[in-house]
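What follows is the content of final.cif, which has mmCIF, C-alpha atoms and all ligand atoms:
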```cif
data_run
#
loop_
_atom_site.label_atom_id
_atom_site.label_comp_id
_atom_site.auth_asym_id
_atom_site.auth_seq_id
_atom_site.Cartn_x
_atom_site.Cartn_y
_atom_site.Cartn_z
CA MET A 1 142.45 -60.29 116.15
CA GLY A 2 140.44 -58.71 118.92
CA PHE A 3 137.98 -55.98 118.13
CA PHE A 4 139.89 -53.32 120.08
CA LYS A 5 143.16 -54.22 118.46
CA LEU A 6 141.54 -53.90 115.03
CA LEU A 7 139.95 -50.62 116.00
CA GLY A 8 143.28 -49.35 117.29
CA ILE A 9 145.10 -50.25 114.09
CA SER A 10 142.33 -48.70 111.98
CA LEU A 11 142.54 -45.50 113.97
CA ILE A 12 146.31 -45.33 113.61
CA ILE A 13 146.01 -45.80 109.82
CA LEU A 14 143.25 -43.18 109.71
CA PHE A 15 145.31 -40.64 111.65
CA ALA A 16 148.34 -41.40 109.51
CA ILE A 17 146.31 -40.70 106.40
CA ILE A 18 144.99 -37.47 107.85
CA PHE A 19 148.13 -36.06 109.37
CA LEU A 20 151.20 -37.59 107.71
CA PRO A 21 153.03 -34.88 105.84
CA GLY A 22 154.43 -35.68 102.43
CA LEU A 23 151.56 -37.85 101.23
CA PRO A 24 149.49 -36.58 98.31
CA PRO A 25 147.69 -34.32 97.59
CA TRP A 26 150.23 -31.60 96.89
CA MET A 27 148.43 -28.32 96.44
CA THR A 28 149.24 -24.82 95.22
CA PHE A 29 147.76 -23.22 98.31
CA PRO A 30 147.43 -24.79 101.76
CA PHE A 31 144.08 -26.19 102.85
CA GLU A 32 142.36 -23.35 104.65
CA SER A 33 138.79 -22.63 105.56
CA TYR A 34 136.85 -20.39 103.16
CA ARG A 35 133.20 -19.44 103.00
CA VAL A 36 130.65 -19.63 100.22
CA THR A 37 127.45 -17.56 100.39
CA PRO A 38 124.45 -19.89 100.70
CA PRO A 39 122.00 -19.82 97.78
CA HIS A 40 119.00 -17.51 97.46
CA GLU A 41 115.78 -19.25 98.39
CA LEU A 42 113.71 -20.07 95.31
CA VAL A 43 111.19 -17.32 96.04
CA GLY A 44 110.50 -13.89 94.56
CA SER A 45 112.19 -13.54 91.18
CA PHE A 46 113.85 -16.94 91.74
CA MET A 47 110.47 -18.65 92.09
CA PRO A 48 110.19 -21.94 90.18
CA ASN A 49 108.84 -21.69 86.62
CA ASN A 50 108.97 -23.98 83.60
CA TYR A 51 110.47 -21.73 80.98
CA LEU A 52 113.22 -24.24 80.12
CA ASP A 53 110.91 -27.27 79.95
CA ASN A 54 110.23 -28.94 76.60
CA ALA A 55 113.52 -27.69 75.22
CA GLU A 56 113.96 -28.60 71.59
CA HIS A 57 117.08 -30.56 70.64
CA ILE A 58 118.85 -29.49 67.49
CA LEU A 59 121.98 -30.79 65.72
CA VAL A 60 121.53 -34.05 67.62
CA GLY A 61 124.62 -36.25 67.28
CA LYS A 62 126.39 -33.63 65.18
CA VAL A 63 127.91 -32.04 68.25
CA ASN A 64 129.40 -33.72 71.30
CA GLY A 65 129.63 -31.61 74.46
CA PRO A 66 129.23 -28.14 72.88
CA GLU A 67 130.63 -26.15 75.82
CA GLY A 68 131.19 -22.72 74.25
CA LEU A 69 128.66 -21.38 71.73
CA ILE A 70 128.95 -18.04 69.95
CA ALA A 71 127.75 -16.66 66.59
CA LYS A 72 128.74 -14.11 63.99
CA ASP A 73 126.89 -13.40 60.72
CA ASN A 74 124.64 -16.45 61.22
CA ILE A 75 127.60 -18.80 61.54
CA TRP A 76 127.95 -20.52 64.90
CA PHE A 77 131.09 -21.79 66.54
CA THR A 78 131.20 -24.31 69.33
CA SER A 79 133.91 -26.02 71.38
CA ASN A 80 133.43 -29.76 71.13
CA ASN A 81 134.74 -32.87 72.89
CA GLY A 82 137.67 -34.43 71.09
CA GLY A 83 139.63 -31.19 70.93
CA GLU A 84 137.58 -29.66 68.13
CA VAL A 85 136.17 -26.24 67.39
CA LEU A 86 133.17 -26.72 65.11
CA ARG A 87 131.79 -24.30 62.55
CA ILE A 88 128.03 -24.59 62.19
CA ASP A 89 126.26 -23.15 59.17
CA GLY A 90 122.62 -24.22 59.41
CA GLU A 91 122.72 -28.01 59.40
CA GLU A 92 126.23 -28.15 58.03
CA VAL A 93 128.82 -28.88 60.71
CA THR A 94 132.54 -28.82 59.90
CA VAL A 95 135.72 -28.90 61.99
CA LEU A 96 137.37 -25.46 61.97
CA ALA A 97 140.31 -26.45 64.16
CA LYS A 98 141.56 -29.41 66.17
CA PHE A 99 143.76 -29.20 69.25
CA GLY A 100 145.71 -31.99 70.88
CA GLU A 101 146.32 -35.43 69.42
CA SER A 102 144.02 -38.13 68.15
CA CYS A 103 142.69 -40.12 71.07
CA GLU A 104 140.04 -42.37 72.56
CA LEU A 105 137.15 -40.47 74.10
CA PRO A 106 136.21 -39.83 76.80
CA TYR A 107 138.97 -41.09 79.08
CA GLU A 108 141.87 -39.56 77.16
CA GLU A 109 140.56 -36.03 77.30
CA ALA A 110 143.93 -34.55 78.26
CA LYS A 111 145.43 -36.02 75.11
CA CYS A 112 142.47 -35.05 72.89
CA GLY A 113 142.45 -31.42 73.98
CA ARG A 114 139.31 -29.72 75.25
CA PRO A 115 138.47 -26.27 73.85
CA LEU A 116 136.25 -24.41 76.31
CA GLY A 117 135.81 -20.62 76.11
CA LEU A 118 135.46 -18.92 72.72
CA ALA A 119 135.51 -15.22 71.76
CA PHE A 120 135.68 -13.35 68.46
CA ASP A 121 138.77 -11.29 67.95
CA THR A 122 138.37 -7.55 67.43
CA ILE A 123 141.56 -7.33 65.37
CA GLY A 124 141.67 -9.62 62.38
CA ASN A 125 139.16 -12.31 61.53
CA ASN A 126 140.02 -14.78 64.28
CA LEU A 127 138.49 -16.81 67.01
CA ILE A 128 140.29 -16.73 70.34
CA VAL A 129 140.06 -20.20 71.90
CA ALA A 130 140.94 -21.38 75.41
CA ASP A 131 141.76 -25.08 75.26
CA GLY A 132 141.71 -26.45 78.80
CA TYR A 133 144.88 -28.47 78.26
CA TYR A 134 146.68 -26.94 75.29
CA GLY A 135 146.56 -23.22 76.06
CA LEU A 136 145.24 -20.02 74.58
CA TRP A 137 145.09 -19.87 70.78
CA SER A 138 144.11 -17.61 67.95
CA VAL A 139 142.34 -19.46 65.13
CA ASP A 140 141.88 -17.97 61.67
CA LEU A 141 138.15 -18.06 60.92
CA VAL A 142 138.72 -18.58 57.19
CA ASN A 143 141.28 -21.37 57.04
CA GLY A 144 141.45 -22.59 60.66
CA ASP A 145 145.18 -21.84 61.03
CA LYS A 146 146.17 -21.85 64.69
CA THR A 147 148.61 -19.57 66.50
CA LEU A 148 149.64 -20.35 70.06
CA LEU A 149 149.39 -17.34 72.37
CA ILE A 150 149.98 -18.90 75.79
CA SER A 151 151.39 -22.33 76.37
CA PRO A 152 150.48 -24.52 79.37
CA ARG A 153 154.23 -24.83 79.98
CA GLN A 154 154.74 -21.12 80.55
CA THR A 155 155.20 -19.99 84.14
CA LEU A 156 152.83 -17.13 84.88
CA ASP A 157 152.52 -14.61 87.68
CA GLY A 158 150.35 -15.14 90.74
CA LEU A 159 150.64 -15.24 94.51
CA LEU A 160 152.91 -18.12 93.56
CA LYS A 161 154.43 -18.28 90.08
CA ARG A 162 153.05 -21.28 88.22
CA PRO A 163 151.74 -22.43 84.82
CA ALA A 164 148.03 -22.44 84.00
CA LYS A 165 146.23 -25.79 84.34
CA VAL A 166 142.70 -25.13 83.04
CA PHE A 167 142.48 -22.50 80.28
CA ASN A 168 138.79 -21.73 80.37
CA GLY A 169 137.19 -18.29 79.87
CA VAL A 170 138.11 -15.65 77.29
CA ALA A 171 137.00 -12.14 76.25
CA VAL A 172 138.56 -9.62 73.83
CA ASP A 173 138.27 -5.86 74.27
CA LYS A 174 137.86 -3.31 71.49
CA LYS A 175 141.58 -2.75 71.18
CA GLY A 176 142.37 -6.45 70.95
CA VAL A 177 143.54 -7.02 74.52
CA ILE A 178 142.55 -10.52 75.63
CA TYR A 179 141.26 -11.36 79.11
CA TRP A 180 141.35 -15.01 80.07
CA THR A 181 140.97 -17.32 83.05
CA ASP A 182 142.85 -20.30 84.45
CA SER A 183 140.22 -22.12 86.53
CA SER A 184 142.44 -24.09 88.87
CA SER A 185 146.16 -24.56 89.25
CA ASP A 186 145.99 -27.93 90.95
CA TYR A 187 144.14 -30.25 88.61
CA GLY A 188 143.18 -30.37 84.96
CA PHE A 189 139.61 -30.21 83.68
CA GLU A 190 139.30 -34.01 83.70
CA ASP A 191 140.04 -34.03 87.45
CA GLY A 192 137.34 -31.49 88.21
CA PHE A 193 136.26 -33.33 91.32
CA PHE A 194 139.71 -32.87 92.85
CA ALA A 195 139.87 -29.23 91.85
CA MET A 196 136.69 -28.51 93.79
CA LEU A 197 138.14 -29.99 96.99
CA ALA A 198 141.34 -27.96 96.91
CA ASN A 199 141.60 -24.36 98.02
CA PRO A 200 140.67 -21.85 95.30
CA SER A 201 143.57 -21.33 92.89
CA GLY A 202 141.98 -19.79 89.79
CA ARG A 203 143.41 -16.71 88.12
CA LEU A 204 142.32 -13.92 85.80
CA PHE A 205 144.86 -12.58 83.30
CA ARG A 206 145.19 -9.84 80.74
CA TYR A 207 147.14 -10.88 77.65
CA CYS A 208 148.81 -8.29 75.48
CA ARG A 209 149.51 -9.70 72.03
CA TRP A 210 152.02 -7.00 71.11
CA MET A 211 154.19 -8.09 74.03
CA ASN A 212 153.07 -11.75 73.86
CA ALA A 213 152.79 -11.58 77.65
CA SER A 214 150.14 -12.03 80.33
CA THR A 215 149.62 -9.86 83.40
CA MET A 216 147.93 -11.44 86.40
CA LEU A 217 144.90 -9.47 87.59
CA LEU A 218 143.33 -11.73 90.24
CA ASP A 219 144.45 -14.89 92.03
CA GLY A 220 142.67 -17.28 94.41
CA ILE A 221 139.40 -17.39 92.43
CA ASN A 222 137.30 -20.47 93.16
CA PHE A 223 137.26 -22.00 89.67
CA ALA A 224 137.54 -18.87 87.48
CA ASN A 225 135.37 -19.32 84.42
CA GLY A 226 133.52 -17.12 81.88
CA ILE A 227 134.33 -13.42 81.39
CA ALA A 228 132.09 -10.54 80.23
CA LEU A 229 133.36 -7.03 79.44
CA SER A 230 130.90 -4.25 80.24
CA PRO A 231 129.70 -2.30 77.16
CA ASN A 232 132.02 0.65 77.85
CA GLU A 233 134.76 -1.71 79.07
CA GLU A 234 135.13 0.13 82.36
CA PHE A 235 134.87 -3.17 84.20
CA LEU A 236 134.65 -6.87 83.59
CA VAL A 237 132.64 -9.62 85.23
CA VAL A 238 134.15 -13.04 85.86
CA ALA A 239 132.26 -16.15 86.92
CA GLU A 240 133.54 -17.73 90.13
CA THR A 241 131.96 -21.11 89.46
CA GLY A 242 133.00 -22.85 92.68
CA SER A 243 131.55 -20.11 94.90
CA SER A 244 128.34 -19.59 92.88
CA GLN A 245 128.97 -15.91 92.33
CA LEU A 246 130.14 -13.30 89.84
CA LEU A 247 133.04 -10.96 90.57
CA LYS A 248 133.47 -7.47 89.17
CA LEU A 249 136.91 -6.01 88.44
CA HIS A 250 137.24 -2.29 87.66
CA LEU A 251 139.49 -1.76 84.65
CA ARG A 252 139.37 2.04 84.57
CA GLY A 253 138.41 5.03 86.69
CA PRO A 254 139.05 5.76 90.36
CA PHE A 255 138.48 2.14 91.42
CA LYS A 256 140.76 0.65 88.76
CA GLY A 257 142.18 -2.68 89.88
CA GLN A 258 139.60 -3.11 92.64
CA LYS A 259 137.53 -6.24 92.92
CA GLU A 260 134.01 -6.49 94.31
CA ILE A 261 131.15 -8.96 94.32
CA PHE A 262 128.88 -8.36 91.32
CA SER A 263 126.19 -10.92 92.15
CA THR A 264 126.27 -13.64 94.78
CA ALA A 265 124.18 -16.42 96.37
CA LEU A 266 123.30 -17.74 92.91
CA PRO A 267 121.23 -20.96 92.93
CA GLY A 268 123.93 -22.89 91.07
CA ASN A 269 127.36 -22.63 89.46
CA PRO A 270 127.80 -20.01 86.73
CA ASP A 271 129.71 -20.97 83.57
CA ASN A 272 130.35 -19.03 80.32
CA LEU A 273 128.93 -15.49 80.26
CA SER A 274 127.17 -14.03 77.19
CA PRO A 275 127.15 -10.22 77.40
CA ASP A 276 125.11 -7.77 75.34
CA SER A 277 124.30 -4.07 75.65
CA LYS A 278 121.73 -4.56 78.44
CA GLY A 279 123.19 -7.33 80.53
CA ILE A 280 124.51 -10.87 80.66
CA TRP A 281 123.04 -14.33 80.15
CA VAL A 282 124.38 -16.47 82.96
CA PRO A 283 123.79 -20.24 82.71
CA LEU A 284 124.16 -22.31 85.88
CA VAL A 285 125.91 -25.50 84.77
CA MET A 286 124.92 -27.22 88.03
CA ALA A 287 122.08 -26.30 90.37
CA ARG A 288 122.12 -25.80 94.14
CA ASP A 289 119.49 -24.64 96.61
CA SER A 290 118.84 -24.96 100.33
CA GLU A 291 117.41 -28.45 99.90
CA ASN A 292 120.19 -29.54 97.54
CA PRO A 293 123.33 -27.79 98.71
CA ALA A 294 126.57 -28.29 96.80
CA VAL A 295 128.63 -30.75 98.86
CA PHE A 296 131.91 -29.04 97.99
CA GLN A 297 130.59 -25.77 99.32
CA LEU A 298 129.26 -27.34 102.53
CA ILE A 299 132.73 -28.61 103.40
CA SER A 300 134.62 -25.48 102.30
CA ILE A 301 134.98 -24.47 105.96
CA TYR A 302 136.48 -27.86 106.92
CA PRO A 303 139.95 -27.94 105.34
CA ARG A 304 140.91 -31.18 107.11
CA ILE A 305 137.91 -33.03 105.76
CA ARG A 306 138.63 -31.79 102.26
CA ARG A 307 142.25 -32.84 102.54
CA PHE A 308 141.24 -36.22 103.92
CA ILE A 309 138.82 -36.94 101.05
CA LEU A 310 141.34 -35.78 98.50
CA ARG A 311 144.04 -37.89 100.10
CA ILE A 312 141.90 -41.03 100.07
CA PHE A 313 141.17 -40.58 96.38
CA ALA A 314 144.72 -39.61 95.55
CA LEU A 315 146.10 -42.65 97.39
CA PHE A 316 143.60 -44.88 95.62
CA GLU A 317 144.65 -43.42 92.29
CA LEU A 318 148.37 -43.44 92.91
CA PRO A 319 149.10 -47.05 91.87
CA PHE A 320 147.02 -46.64 88.70
CA ARG A 321 148.84 -43.41 87.87
CA MET A 322 152.22 -45.06 88.38
CA TRP A 323 151.23 -48.16 86.42
CA ASN A 324 149.90 -46.02 83.59
CA ALA A 325 153.01 -43.83 83.61
CA ILE A 326 155.25 -46.87 83.13
CA LEU A 327 152.96 -48.82 80.84
CA PRO A 328 150.14 -46.67 79.43
CA ASN A 329 146.99 -48.77 79.20
CA VAL A 330 143.28 -48.31 78.69
CA PHE A 331 142.26 -49.99 81.94
CA CYS A 332 144.18 -47.48 84.08
CA LYS A 333 142.94 -44.58 82.02
CA LYS A 334 139.37 -45.71 82.53
CA VAL A 335 139.82 -46.09 86.28
CA LEU A 336 141.45 -42.68 86.58
CA TYR A 337 138.75 -41.09 84.49
CA ALA A 338 135.90 -42.70 86.41
CA THR A 339 137.15 -41.65 89.85
CA VAL A 340 137.43 -37.91 89.50
CA SER A 341 136.02 -36.46 86.30
CA PHE A 342 133.02 -34.11 86.40
CA ASN A 343 131.11 -36.65 84.30
CA SER A 344 131.17 -39.26 87.04
CA PHE A 345 129.28 -37.18 89.58
CA ILE A 346 127.17 -34.98 87.32
CA GLU A 347 124.12 -37.23 87.85
CA LEU A 348 124.21 -36.49 91.58
CA VAL A 349 123.30 -32.81 91.23
CA PRO A 350 119.66 -31.68 91.44
CA THR A 351 117.65 -31.99 88.24
CA ARG A 352 116.64 -28.32 88.13
CA THR A 353 118.23 -26.37 85.28
CA THR A 354 118.55 -22.59 85.56
CA VAL A 355 119.58 -19.67 83.38
CA LEU A 356 119.79 -16.14 84.80
CA ARG A 357 119.53 -12.79 83.14
CA ILE A 358 121.64 -10.23 85.05
CA ASP A 359 121.82 -6.50 84.21
CA TRP A 360 125.02 -4.44 84.25
CA GLU A 361 124.28 -3.30 87.79
CA GLY A 362 124.48 -6.91 88.93
CA ASN A 363 120.71 -7.30 89.51
CA VAL A 364 119.06 -10.58 88.58
CA VAL A 365 116.31 -9.35 86.25
CA GLY A 366 115.08 -12.64 84.85
CA VAL A 367 115.17 -16.31 85.85
CA LEU A 368 114.42 -19.32 83.66
CA HIS A 369 114.07 -22.74 85.27
CA GLY A 370 113.47 -26.18 83.82
CA TYR A 371 112.55 -29.36 85.67
CA ASP A 372 111.72 -31.93 82.99
CA LYS A 373 115.37 -32.83 82.13
CA SER A 374 114.81 -31.88 78.48
CA ILE A 375 117.86 -29.65 78.92
CA ARG A 376 120.47 -29.82 81.66
CA PHE A 377 123.98 -28.63 82.53
CA ILE A 378 123.90 -25.47 80.42
CA SER A 379 127.31 -23.87 79.94
CA GLN A 380 126.52 -21.10 77.45
CA VAL A 381 123.50 -19.18 76.17
CA LEU A 382 123.35 -17.82 72.63
CA GLN A 383 120.42 -15.48 72.04
CA GLU A 384 119.04 -14.91 68.56
CA GLY A 385 115.90 -12.79 68.65
CA GLU A 386 113.37 -14.57 70.85
CA ALA A 387 115.28 -17.86 70.76
CA LEU A 388 117.87 -19.06 73.24
CA TYR A 389 120.33 -21.73 72.05
CA LEU A 390 121.91 -23.67 74.87
CA GLY A 391 125.32 -25.35 74.87
CA SER A 392 126.52 -27.95 77.38
CA PRO A 393 129.66 -30.03 77.90
CA PHE A 394 127.48 -33.05 78.70
CA ASN A 395 124.93 -33.02 75.85
CA ASP A 396 125.19 -34.32 72.29
CA PHE A 397 122.85 -31.63 70.98
CA ILE A 398 122.19 -27.93 71.28
CA GLY A 399 119.07 -27.01 73.21
CA LYS A 400 116.61 -24.42 71.98
CA ILE A 401 113.84 -22.60 73.77
CA THR A 402 111.75 -19.62 72.76
CA LEU A 403 111.60 -16.79 75.26
CA PRO A 404 108.03 -16.68 76.55
CA LYS A 405 105.98 -13.52 76.05
CA ASP A 406 105.51 -13.12 79.78
CA PHE A 407 109.21 -13.46 80.52
CA LYS A 408 110.04 -10.29 82.34
CA VAL A 409 113.17 -8.85 80.84
CA ILE A 410 113.58 -5.66 78.88
CA SER A 411 113.74 -6.57 75.21
CA ILE A 412 117.31 -6.68 74.09
CA GLU A 413 118.71 -5.03 71.02
CA LYS A 414 120.89 -8.00 70.36
CA ASP A 415 123.67 -6.65 68.23
CA SER A 416 124.14 -3.08 69.39
CA TYR A 417 126.84 -4.40 71.75
CA ASP A 418 128.87 -6.02 68.95
CA LYS A 419 128.22 -3.25 66.44
CA ASN A 420 129.41 -0.68 68.94
CA ARG A 421 132.57 -2.67 69.54
CA VAL A 422 133.40 -3.11 65.86
CA LYS A 423 132.72 0.59 65.20
CA GLN A 424 134.99 1.67 68.01
CA ASN A 425 137.64 -0.71 66.80
CA ARG A 426 137.55 0.95 63.37
CA GLU A 427 137.90 4.34 65.01
CA HIS A 428 140.83 2.93 66.92
CA ASP A 429 142.43 1.71 63.69
CA GLU A 430 142.07 5.11 62.12
CA LEU A 431 143.85 6.81 64.98
C1 LIG B 501 154.17 -16.43 72.85
O1 LIG B 501 155.04 -16.98 73.81
C2 LIG B 501 154.90 -18.38 74.01
C3 LIG B 501 155.80 -18.81 75.15
O2 LIG B 501 157.10 -18.41 74.95
C4 LIG B 501 155.21 -19.12 72.72
O3 LIG B 501 155.04 -20.50 72.91
C5 LIG B 501 154.29 -18.62 71.63
O4 LIG B 501 154.61 -19.25 70.40
C6 LIG B 501 154.36 -17.11 71.49
N1 LIG B 501 153.32 -16.71 70.57
C7 LIG B 501 153.49 -15.70 69.71
C8 LIG B 501 152.30 -15.40 68.87
O5 LIG B 501 154.52 -15.08 69.61
#
```
In structure tokens, write the structure found in this file.
Ligand SMILES: *[C@@H]1O[C@H](CO)[C@@H](O)[C@H](O)[C@H]1NC(C)=O
Amino acid sequence: MGFFKLLGISLIILFAIIFLPGLPPWMTFPFESYRVTPPHELVGSFMPNNYLDNAEHILVGKVNGPEGLIAKDNIWFTSNNGGEVLRIDGEEVTVLAKFGESCELPYEEAKCGRPLGLAFDTIGNNLIVADGYYGLWSVDLVNGDKTLLISPRQTLDGLLKRPAKVFNGVAVDKKGVIYWTDSSSDYGFEDGFFAMLANPSGRLFRYCRWMNASTMLLDGINFANGIALSPNEEFLVVAETGSSQLLKLHLRGPFKGQKEIFSTALPGNPDNLSPDSKGIWVPLVMARDSENPAVFQLISIYPRIRRFILRIFALFELPFRMWNAILPNVFCKKVLYATVSFNSFIELVPTRTTVLRIDWEGNVVGVLHGYDKSIRFISQVLQEGEALYLGSPFNDFIGKITLPKDFKVISIEKDSYDKNRVKQNREHDEL
């Protein structure tokens, strides 16, 4: 075959792939251009430092991908790979609850279940758990009994009505109302790579347990993730992971229902938020800066390129998906897992690790960086006194660093936030 003939045929196939309607991917929202604010330069308060270097590793091998990490009365809870929520009392680690079915890790994650966001209930002694695949649950902290609150099969409100695909962030207010996020409506957590190429389709909801119903508050969030309620609960902050920023939603007052940017141009992708009376710990699960821009964000303004890449991968996957649907087998599962999970491209992101301290005005008041790879991919920060404990979906340990004396952040009265909430809840009960 002559060169020009070959070139011609290749071009026709290429154009067919780009423009043919009806081929995958099939998305919630059409591919349209959207912009992401470029990252702050690493100067001023963002200047490189080594506060996260030499991180200690604790509970090595006793946890596997501890994504969410919260504590109450010296007992920790973490969301683990394999669909488990673990209870950690010192060195003693036990399974409090298991979601999903028994499975082979890591390529059967959707079957295993994947708990992500955790929050303590303010009514009853429960843990509210968002399992990426299996929905929103209430788990009894004493016996681990599970109650389903929202099922992944339920159709929920939005610009388009649709079920949730990635149950991720959760927060509970003083009265027991639950706020939660669905990160993306197109692909599950295991297909994170795909989700980042599609147009933003994350949502924020308010769940009322007395009605057993969710109200949609925001749609079109670029991978909606962790949630933090302000101390007086007049607003909440939600992490927009894909756009490297935090959004603020007014819950009360004259601006009720209005959304604004709380903090933007972050040098990475924010994950779970850990609020206290003075501000929020914001871990960046992946880093970005002007030298290492996030590829997904660079191409956000080129919808055709994003669709093309997605289509190539989707077409590559299609036969394996069909084969596996007819005759489930490990080989197909492995191929499907390797092509598009977050794990397969996590090594490509810059090695810098960053945690931010942001006050309730949205100002970045402290920045911790690490460069020695002793801790990476942090998804949640748990502060206890001068120590920060660091969870991650990609580590088999919990990281620990001690806040340095010269770290510029107003000292935090750790528990006044929680105490205040429990007190107000009691007052509420008495009413
Ligand atoms: C809430 O509604 C969902 C969907 O109908 C159902 O699966 C779930 O069991 C209900 N939960 C409670 C606590 O009533």
Could the residues of chain A that have an atom at most 10 Å from ligand LIG 501 (chain B) be listed as JSON lines, each with its closest atom pair and the distance in Å to one decimal, counting all atoms listed in the file and ordered by chain and ascending residue number?
```
{"residue": "A:Gly135", "atom": "CA", "partner": "B:LIG501", "partner_atom": "O3", "distance": 9.4}
{"residue": "A:Leu136", "atom": "CA", "partner": "B:LIG501", "partner_atom": "N1", "distance": 9.6}
{"residue": "A:Trp137", "atom": "CA", "partner": "B:LIG501", "partner_atom": "C8", "distance": 8.7}
{"residue": "A:Ser138", "atom": "CA", "partner": "B:LIG501", "partner_atom": "C8", "distance": 8.5}
{"residue": "A:Lys146", "atom": "CA", "partner": "B:LIG501", "partner_atom": "C8", "distance": 9.8}
{"residue": "A:Thr147", "atom": "CA", "partner": "B:LIG501", "partner_atom": "C8", "distance": 6.1}
{"residue": "A:Leu148", "atom": "CA", "partner": "B:LIG501", "partner_atom": "O4", "distance": 5.1}
{"residue": "A:Leu149", "atom": "CA", "partner": "B:LIG501", "partner_atom": "N1", "distance": 4.4}
{"residue": "A:Ile150", "atom": "CA", "partner": "B:LIG501", "partner_atom": "C2", "distance": 5.3}
{"residue": "A:Ser151", "atom": "CA", "partner": "B:LIG501", "partner_atom": "O3", "distance": 5.4}
{"residue": "A:Pro152", "atom": "CA", "partner": "B:LIG501", "partner_atom": "O3", "distance": 8.9}
{"residue": "A:Arg153", "atom": "CA", "partner": "B:LIG501", "partner_atom": "C3", "distance": 7.9}
{"residue": "A:Gln154", "atom": "CA", "partner": "B:LIG501", "partner_atom": "C3", "distance": 6.0}
{"residue": "A:Thr155", "atom": "CA", "partner": "B:LIG501", "partner_atom": "C3", "distance": 9.1}
{"residue": "A:Arg209", "atom": "CA", "partner": "B:LIG501", "partner_atom": "C8", "distance": 7.1}
{"residue": "A:Trp210", "atom": "CA", "partner": "B:LIG501", "partner_atom": "O5", "distance": 8.6}
{"residue": "A:Met211", "atom": "CA", "partner": "B:LIG501", "partner_atom": "O5", "distance": 8.3}
{"residue": "A:Asn212", "atom": "CA", "partner": "B:LIG501", "partner_atom": "C1", "distance": 4.9}
{"residue": "A:Ala213", "atom": "CA", "partner": "B:LIG501", "partner_atom": "C1", "distance": 7.0}
{"residue": "A:Ser214", "atom": "CA", "partner": "B:LIG501", "partner_atom": "O1", "distance": 9.5}
```
Could the residues in this selection be written to a file with C-alpha atoms, as a compact mmCIF listing (two decimals), in the coordinates of the input?
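Resulting contents of result.txt:
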```txt
# COMPACT_ATOMS: atom_id res chain seq x y z
CA GLY A 135 146.56 -23.22 76.06
CA LEU A 136 145.24 -20.02 74.58
CA TRP A 137 145.09 -19.87 70.78
CA SER A 138 144.11 -17.61 67.95
CA LYS A 146 146.17 -21.85 64.69
CA THR A 147 148.61 -19.57 66.50
CA LEU A 148 149.64 -20.35 70.06
CA LEU A 149 149.39 -17.34 72.37
CA ILE A 150 149.98 -18.90 75.79
CA SER A 151 151.39 -22.33 76.37
CA PRO A 152 150.48 -24.52 79.37
CA ARG A 153 154.23 -24.83 79.98
CA GLN A 154 154.74 -21.12 80.55
CA THR A 155 155.20 -19.99 84.14
CA ARG A 209 149.51 -9.70 72.03
CA TRP A 210 152.02 -7.00 71.11
CA MET A 211 154.19 -8.09 74.03
CA ASN A 212 153.07 -11.75 73.86
CA ALA A 213 152.79 -11.58 77.65
CA SER A 214 150.14 -12.03 80.33
```
- request: Would you mind telling me which residue in A:Pro163, A:Pro393, A:Pro38, A:Pro283 lies nearest to A:Leu52 when using only C-alpha atoms?
  value: A:Pro283
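When atom CA of A:Leu403 is paired with atom CA of A:His369, their separation reads 11.9 Å.
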message: Residues within 12 Å of (138.7, -36.3, 99.5), file coordinates, counting all atoms listed in the file: what are they? Give the list as a PyMOL selection string.
response: chain A and resi 17-18+24-25+31+193-198+295-296+299-300+302-317+339-340
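Picture a line from atom CA of A:Ala55 to atom CA of A:Met286; it runs 17.2 Å.
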Could you give me, as a compact mmCIF listing (two decimals) with C-alpha atoms, in the coordinates of the input, the residues within 10 Å of A:Pro48, counting all atoms listed in the file and dropping anything in the same chain fewer than 5 positions from it?
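Full text of selection-v2.txt as output:
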```txt
# COMPACT_ATOMS: atom_id res chain seq x y z
CA LEU A 42 113.71 -20.07 95.31
CA VAL A 43 111.19 -17.32 96.04
CA ARG A 352 116.64 -28.32 88.13
CA THR A 354 118.55 -22.59 85.56
CA VAL A 367 115.17 -16.31 85.85
CA LEU A 368 114.42 -19.32 83.66
CA HIS A 369 114.07 -22.74 85.27
CA GLY A 370 113.47 -26.18 83.82
CA TYR A 371 112.55 -29.36 85.67
```
task: Could you tell me how far atom CA of A:Pro200 lies from atom CA of A:Phe223, in Å and to one decimal?
output: 6.6 Å
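Using only C-alpha atoms, the contacts of A:Glu109 at a cut-off of 9 Å, with sequence neighbours closer than 3 positions omitted, comprise A:Asn81, A:Gly82, A:Gly83, A:Cys103, A:Glu104, A:Leu105, A:Pro106, A:Cys112, A:Gly113, A:Arg114, A:Tyr133, A:Phe189, A:Glu190, A:Tyr337.
Using all atoms listed in the file for every distance, the candidate list A:Ser79, A:Ser33, A:Ser45, A:Ser244 yields A:Ser79 as the residue closest to A:Ile398.
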Residue neighbourhood A:Leu284, 9 Å, all atoms listed in the file, exclusion window fewer than 3 positions, as a count of residues only: 18
- request: Do a neighbour search on A:Gln383 at 12 Å with all atoms listed in the file, toss out local chain neighbours closer than 2 positions, and write the hits as a count of residues only.
  value: 33
